[in-house]
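Since the structure comes first, as structure tokens, the remarks are kept for the end.
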Amino acid sequence: MAIMLNENEVKEKKLTLRSRNALLEIVPEIGGSITRYCLKTEKQTLNFLRPVIQSGLAKHDPREMASFPLIPFSNRIRNGHFKFQGREIKLPLNFYPEVHSIHGHGWKVPWTVKEKSENKATIEYQLLPDEWPFSYLASQVFDLEASSLTVTLQIKNTGNSAMPVGMGLHPYFVRTPQASITAKTEKMWINDAETMPLSLESVPEIKLLNQGLIVTQNALDNLFTGWNREVLISWPEWNANLRIFADAPLDFLVIYTPADADFFCVEPVSNVTDAFNMLARGEFGHGTKTLLPGELIEGKICFVPELS
């Protein structure tokens with residue numbers, strides 16, 4: 001039976017979910033973030049997501065976590081400014097020293113636990129209008145079934161006017177010398193020096209991804225379109241894979257493989273970088289959804305481990 005908790009009972013607590021040999025840890029107060037997702041076998045513990053270390057927890061920095069949500073938009077909005085249905089909207093710049101607003105609100109705010117059982121938890125936060133002149137209720141549902149993890153993202157418009165939305169997940173995976181990413185995509189957005197989109201093109205990385213892109217050999221921070229919503233991440237050193245499945249509206253894939261880092265990111269998202277400004281300019285293919293009062297948008301990401 002699920003246990004209903006109030007905010008005081010869960011404040012500053014890490015939630016732990018278990019199912020068979022799978023373990024999931026969540027810290028709602030730090031951006032609704034995951035801190036660990038692993039499998040324990042007879043021989044070893046496999047951390048598929050980069051586990052947080054104590055110094056990261058102490059800093060309360062979502063970028064030090066294993067994963068955080070992208071709500072109510074993914075990636076950057078140029079200069080934190082866009083127009084929507086005749087309104088001029090100026091957002092705070094939340095990623096100093098960058099001059100763009102990034103990743104929305106969810107990763108910067110505490111979330112509240114609404115429900116928890118042994119293998120499932122629901123957390124949420126309510127945003128009231130401020131610089132973002134719309135109100136909404138965001139939810140994350142974490143569900144361990146056997147060794148697989150499903151994360152369900154939801155945004156409900158609780159205001160009286162339409163609002164633009166996007167969503168996604170920003171997981172950090174453990175980087176090893178042979179780790180690879182395999183995915184079917186069609187085109188990649190070429191970025192400028194500020195990681196803002198310039199042009200949508202067919203590039204050699206499309207073929208590499210289709211065959212299995214070696215993380216250590218390719219430095220990327222780009223969004224891919226035409227994604228079939230499936231990814232295979234392989235760690236040959238571990239004899240382990242992780243399959244990722246997403247559903248609509250998570251139709252785009254961001255791949256971030258910084259050089260000389262201990263992680264890489266594969267992010268299912270619903271909108272292109274700077275999508276709200278693309279919408280305002282009347283362009284297509286941006287992924288922005290317009291959510292009417294009372295409407296709900298939902299996206300699911302499923303992580304399925306494979307051991308050989």
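Ordered as shown in the structure tokens, chains take letters A, B, and onward, while each chain numbers its residues from 1 and ligands are numbered from 1 in the order shown.
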Among the residues of range 157-304 of chain A, find those DSSP assigns to helix (DSSP H, G or I) from the backbone and print them as a tab-separated table (two decimals) with N, CA and C atoms, in the first residue's frame.
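File produced: part00.tsv:
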chain	number	residue	atom	x	y	z
A	204	PRO	N	27.91	13.88	-40.53
A	204	PRO	CA	28.47	12.53	-40.33
A	204	PRO	C	28.08	11.88	-39.02
A	205	GLU	N	27.78	12.70	-38.00
A	205	GLU	CA	27.40	12.14	-36.71
A	205	GLU	C	26.12	11.31	-36.78
A	206	ILE	N	25.27	11.58	-37.78
A	206	ILE	CA	24.05	10.79	-37.94
A	206	ILE	C	24.41	9.33	-38.22
A	207	LYS	N	25.35	9.12	-39.14
A	207	LYS	CA	25.79	7.75	-39.46
A	207	LYS	C	26.50	7.11	-38.28
A	208	LEU	N	27.33	7.89	-37.58
A	208	LEU	CA	28.02	7.36	-36.42
A	208	LEU	C	27.04	6.90	-35.35
A	209	LEU	N	26.00	7.71	-35.11
A	209	LEU	CA	24.99	7.34	-34.12
A	209	LEU	C	24.26	6.06	-34.52
A	210	ASN	N	23.96	5.93	-35.79
A	210	ASN	CA	23.26	4.75	-36.28
A	210	ASN	C	24.09	3.48	-36.07
A	211	GLN	N	25.42	3.63	-36.17
A	211	GLN	CA	26.31	2.47	-36.04
A	211	GLN	C	26.80	2.26	-34.61
A	215	VAL	N	31.69	7.47	-27.29
A	215	VAL	CA	31.58	8.72	-26.55
A	215	VAL	C	32.92	9.45	-26.47
A	216	THR	N	34.01	8.73	-26.18
A	216	THR	CA	35.31	9.36	-25.98
A	216	THR	C	35.90	9.92	-27.26
A	217	GLN	N	35.35	9.55	-28.41
A	217	GLN	CA	35.90	9.99	-29.70
A	217	GLN	C	35.10	11.13	-30.33
A	236	PRO	N	30.89	-1.91	-22.99
A	236	PRO	CA	31.51	-3.23	-23.21
A	236	PRO	C	32.35	-3.71	-22.03
A	237	GLU	N	32.96	-2.75	-21.31
A	237	GLU	CA	33.79	-3.14	-20.16
A	237	GLU	C	32.97	-3.86	-19.10
A	238	TRP	N	31.69	-3.51	-19.03
A	238	TRP	CA	30.81	-4.09	-18.01
A	238	TRP	C	29.98	-5.26	-18.55
A	275	ALA	N	13.00	27.08	-28.73
A	275	ALA	CA	11.76	26.74	-29.43
A	275	ALA	C	10.70	27.83	-29.33
A	276	PHE	N	10.60	28.49	-28.17
A	276	PHE	CA	9.53	29.49	-28.01
A	276	PHE	C	9.73	30.67	-28.97
A	277	ASN	N	10.97	31.03	-29.23
A	277	ASN	CA	11.22	32.09	-30.20
A	277	ASN	C	10.98	31.62	-31.62
A	278	MET	N	11.23	30.34	-31.88
A	278	MET	CA	10.91	29.80	-33.20
A	278	MET	C	9.40	29.85	-33.44
A	279	LEU	N	8.63	29.51	-32.39
A	279	LEU	CA	7.17	29.60	-32.49
A	279	LEU	C	6.74	31.03	-32.78
A	280	ALA	N	7.34	31.99	-32.08
A	280	ALA	CA	6.97	33.40	-32.26
A	280	ALA	C	7.27	33.88	-33.67
Residue list (strand (DSSP E or B), DSSP) for range 141-282 of chain A, as a ChimeraX atom specification: /A:141-145,148-157,163-165,168-174,180-183,187-191,197-201,213-214,221-225,230-235,240-246,252-256,263-269
Spatial neighbours of range 192-198 of chain A, 9 Å, only C-alpha atoms, chain gap at least 6 places, as an NGL selection string: :A and (76-78 or 98-100 or 221-223 or 272-274)
Keeping only N, CA and C atoms, write the selected residues as a short mmCIF file (atom, residue, chain, number, x, y, z; two decimals), in the first residue's frame.
data_model
loop_
_atom_site.label_atom_id
_atom_site.label_comp_id
_atom_site.auth_asym_id
_atom_site.auth_seq_id
_atom_site.Cartn_x
_atom_site.Cartn_y
_atom_site.Cartn_z
N ARG A 76 17.95 26.10 -24.01
CA ARG A 76 18.06 27.54 -23.84
C ARG A 76 16.95 28.34 -24.53
N ILE A 77 16.63 29.49 -23.91
CA ILE A 77 15.84 30.54 -24.56
C ILE A 77 16.75 31.74 -24.72
N ARG A 78 16.90 32.19 -25.96
CA ARG A 78 17.86 33.25 -26.24
C ARG A 78 17.59 34.50 -25.39
N GLU A 98 26.28 32.52 -18.56
CA GLU A 98 25.56 32.52 -19.84
C GLU A 98 24.52 33.64 -19.89
N VAL A 99 24.27 34.13 -21.10
CA VAL A 99 23.31 35.22 -21.28
C VAL A 99 21.93 34.70 -21.68
N HIS A 100 21.75 33.38 -21.61
CA HIS A 100 20.47 32.78 -21.96
C HIS A 100 19.87 32.07 -20.75
N ASP A 221 27.45 18.66 -28.27
CA ASP A 221 26.43 19.30 -27.43
C ASP A 221 25.36 19.79 -28.40
N ASN A 222 24.60 18.83 -28.94
CA ASN A 222 23.71 19.11 -30.06
C ASN A 222 22.38 18.39 -29.92
N LEU A 223 21.39 18.94 -30.61
CA LEU A 223 20.06 18.34 -30.64
C LEU A 223 19.84 17.66 -31.98
N VAL A 272 12.94 21.88 -29.35
CA VAL A 272 14.23 22.31 -29.86
C VAL A 272 14.74 23.47 -29.02
N THR A 273 16.05 23.65 -28.99
CA THR A 273 16.63 24.81 -28.33
C THR A 273 16.04 26.10 -28.89
N ASP A 274 15.66 27.02 -28.00
CA ASP A 274 15.05 28.32 -28.35
C ASP A 274 13.72 28.13 -29.07
#
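Each of A:Asn218, A:Asn94, A:Ser147, A:Ser199 was compared to Glu306 in chain A using only C-alpha atoms, and A:Ser147 turns out to be the nearest.
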Which residues of range 150-258 of chain A come within 7 Å of range 53-71 of chain A, and for each one, what is the closest pair of atoms and their distance in Å to one decimal, counting only C-alpha atoms, sorted by chain and residue number, as JSON lines?
{"residue": "A:Gly166", "atom": "CA", "partner": "A:Ile71", "partner_atom": "CA", "distance": 6.6}
{"residue": "A:Met167", "atom": "CA", "partner": "A:Ile71", "partner_atom": "CA", "distance": 5.0}
{"residue": "A:Gly168", "atom": "CA", "partner": "A:Leu70", "partner_atom": "CA", "distance": 4.8}
{"residue": "A:Leu169", "atom": "CA", "partner": "A:Pro69", "partner_atom": "CA", "distance": 4.7}
{"residue": "A:His170", "atom": "CA", "partner": "A:Ser67", "partner_atom": "CA", "distance": 5.3}
{"residue": "A:Pro171", "atom": "CA", "partner": "A:Ser67", "partner_atom": "CA", "distance": 4.0}
{"residue": "A:Tyr172", "atom": "CA", "partner": "A:Ala66", "partner_atom": "CA", "distance": 5.3}
Print the selection's residues with C-alpha atoms to a file, as a CSV table (one decimal), in the first residue's frame.
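This went into again21.csv:
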chain,number,residue,atom,x,y,z
A,166,GLY,CA,8.3,21.8,-23.3
A,167,MET,CA,9.8,19.1,-21.2
A,168,GLY,CA,12.6,16.5,-21.0
A,169,LEU,CA,15.0,14.7,-18.8
A,170,HIS,CA,18.7,15.4,-18.3
A,171,PRO,CA,20.4,12.2,-17.2
A,172,TYR,CA,24.2,11.9,-16.6
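Residues surrounding range 111-127 of chain A within 6 Å are Ala2, Ile3, Met4, Leu17, Arg18, Ser19, Pro28, Glu29, Gly32, Ser135, Tyr136, Leu137, Ala138, Ser139, Gln140, Val141, Phe142, Asp143 and Leu144 of chain A [only C-alpha atoms; sequence separation below 3 positions excluded].
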For the residues in the current selection, export N, CA and C atoms as a CSV table (one decimal), in the first residue's frame.
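Written output follows (selection.csv):
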chain,number,residue,atom,x,y,z
A,2,ALA,N,0.5,2.2,-0.8
A,2,ALA,CA,1.3,3.5,-0.9
A,2,ALA,C,1.1,4.3,0.4
A,3,ILE,N,2.1,5.0,0.8
A,3,ILE,CA,2.1,5.8,2.0
A,3,ILE,C,2.0,7.3,1.6
A,4,MET,N,1.0,8.0,2.1
A,4,MET,CA,0.9,9.4,1.8
A,4,MET,C,1.7,10.2,2.8
A,17,LEU,N,14.0,3.8,-3.6
A,17,LEU,CA,13.1,2.8,-4.1
A,17,LEU,C,13.9,1.5,-4.5
A,18,ARG,N,13.2,0.4,-4.3
A,18,ARG,CA,13.9,-0.9,-4.6
A,18,ARG,C,13.0,-1.8,-5.3
A,19,SER,N,13.6,-2.6,-6.3
A,19,SER,CA,12.8,-3.6,-7.0
A,19,SER,C,13.8,-4.7,-7.4
A,28,PRO,N,14.1,15.0,-3.6
A,28,PRO,CA,13.1,16.0,-4.1
A,28,PRO,C,13.5,17.5,-3.9
A,29,GLU,N,14.2,17.7,-2.7
A,29,GLU,CA,14.5,19.1,-2.4
A,29,GLU,C,15.6,19.8,-3.3
A,32,GLY,N,14.1,18.1,-7.6
A,32,GLY,CA,13.5,16.8,-8.0
A,32,GLY,C,14.4,15.8,-8.7
A,135,SER,N,0.7,29.8,-14.5
A,135,SER,CA,0.8,28.9,-13.4
A,135,SER,C,0.7,27.5,-13.9
A,136,TYR,N,1.4,26.6,-13.2
A,136,TYR,CA,1.3,25.2,-13.6
A,136,TYR,C,1.6,24.3,-12.5
A,137,LEU,N,1.2,23.0,-12.6
A,137,LEU,CA,1.6,22.0,-11.6
A,137,LEU,C,2.4,20.9,-12.3
A,138,ALA,N,3.6,20.7,-11.9
A,138,ALA,CA,4.5,19.7,-12.5
A,138,ALA,C,4.6,18.5,-11.6
A,139,SER,N,4.7,17.3,-12.2
A,139,SER,CA,4.8,16.1,-11.5
A,139,SER,C,5.8,15.2,-12.1
A,140,GLN,N,6.5,14.4,-11.3
A,140,GLN,CA,7.3,13.3,-11.7
A,140,GLN,C,6.9,12.0,-11.0
A,141,VAL,N,6.8,11.0,-11.8
A,141,VAL,CA,6.4,9.7,-11.2
A,141,VAL,C,7.6,8.7,-11.5
A,142,PHE,N,8.2,8.2,-10.5
A,142,PHE,CA,9.3,7.2,-10.6
A,142,PHE,C,8.8,5.8,-10.3
A,143,ASP,N,9.0,4.9,-11.2
A,143,ASP,CA,8.5,3.6,-11.1
A,143,ASP,C,9.5,2.5,-11.4
A,144,LEU,N,10.0,1.7,-10.4
A,144,LEU,CA,10.9,0.6,-10.7
A,144,LEU,C,10.0,-0.6,-10.8
Contact residues around range 282-299 of chain A with only C-alpha atoms at 8 Å, ignoring same-chain residues under 3 positions, as number ranges by chain: A: 152-168, 246-251, 270-273, 275-276, 278-279
One-decimal distance in Å that lies between CA of Thr225 in chain A and CA of Phe252 in chain A: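 Pair CA of Phe252 in chain A / CA of Thr225 in chain A returns 5.3 Å.
One distance worth recording is that between CA of Tyr256 in chain A and CA of Glu25 in chain A, which is 23.2 Å.
Pairwise distance (CA of Pro305 in chain A, CA of Ser234 in chain A) equals 9.9 Å.
Of the residues listed (A:Pro268, A:Gly104, A:Gly226, A:Pro177), A:Pro268 shows the shortest atom-to-atom separation from Cys302 in chain A; distances use only C-alpha atoms.
If you count only C-alpha atoms and ignore residues fewer than 5 places along the chain from Asn239 in chain A, what sits within 12 Å of it is Gln44, Leu46, Gln178, Ala179, Ile233, Ser234, Pro305, Glu306, Leu307 and Ser308 of chain A.
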Selected residues written out with C-alpha atoms, as a CSV table (one decimal), in the first residue's frame:
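Final file, again.csv:
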chain,number,residue,atom,x,y,z
A,44,GLN,CA,29.5,-5.9,-8.8
A,46,LEU,CA,26.5,-1.2,-11.9
A,178,GLN,CA,34.4,2.1,-24.7
A,179,ALA,CA,31.0,3.5,-23.9
A,233,ILE,CA,23.9,2.8,-24.5
A,234,SER,CA,26.6,0.2,-24.3
A,305,PRO,CA,19.1,-2.6,-18.4
A,306,GLU,CA,20.6,-5.6,-20.2
A,307,LEU,CA,23.4,-7.8,-18.7
A,308,SER,CA,25.3,-10.4,-20.6
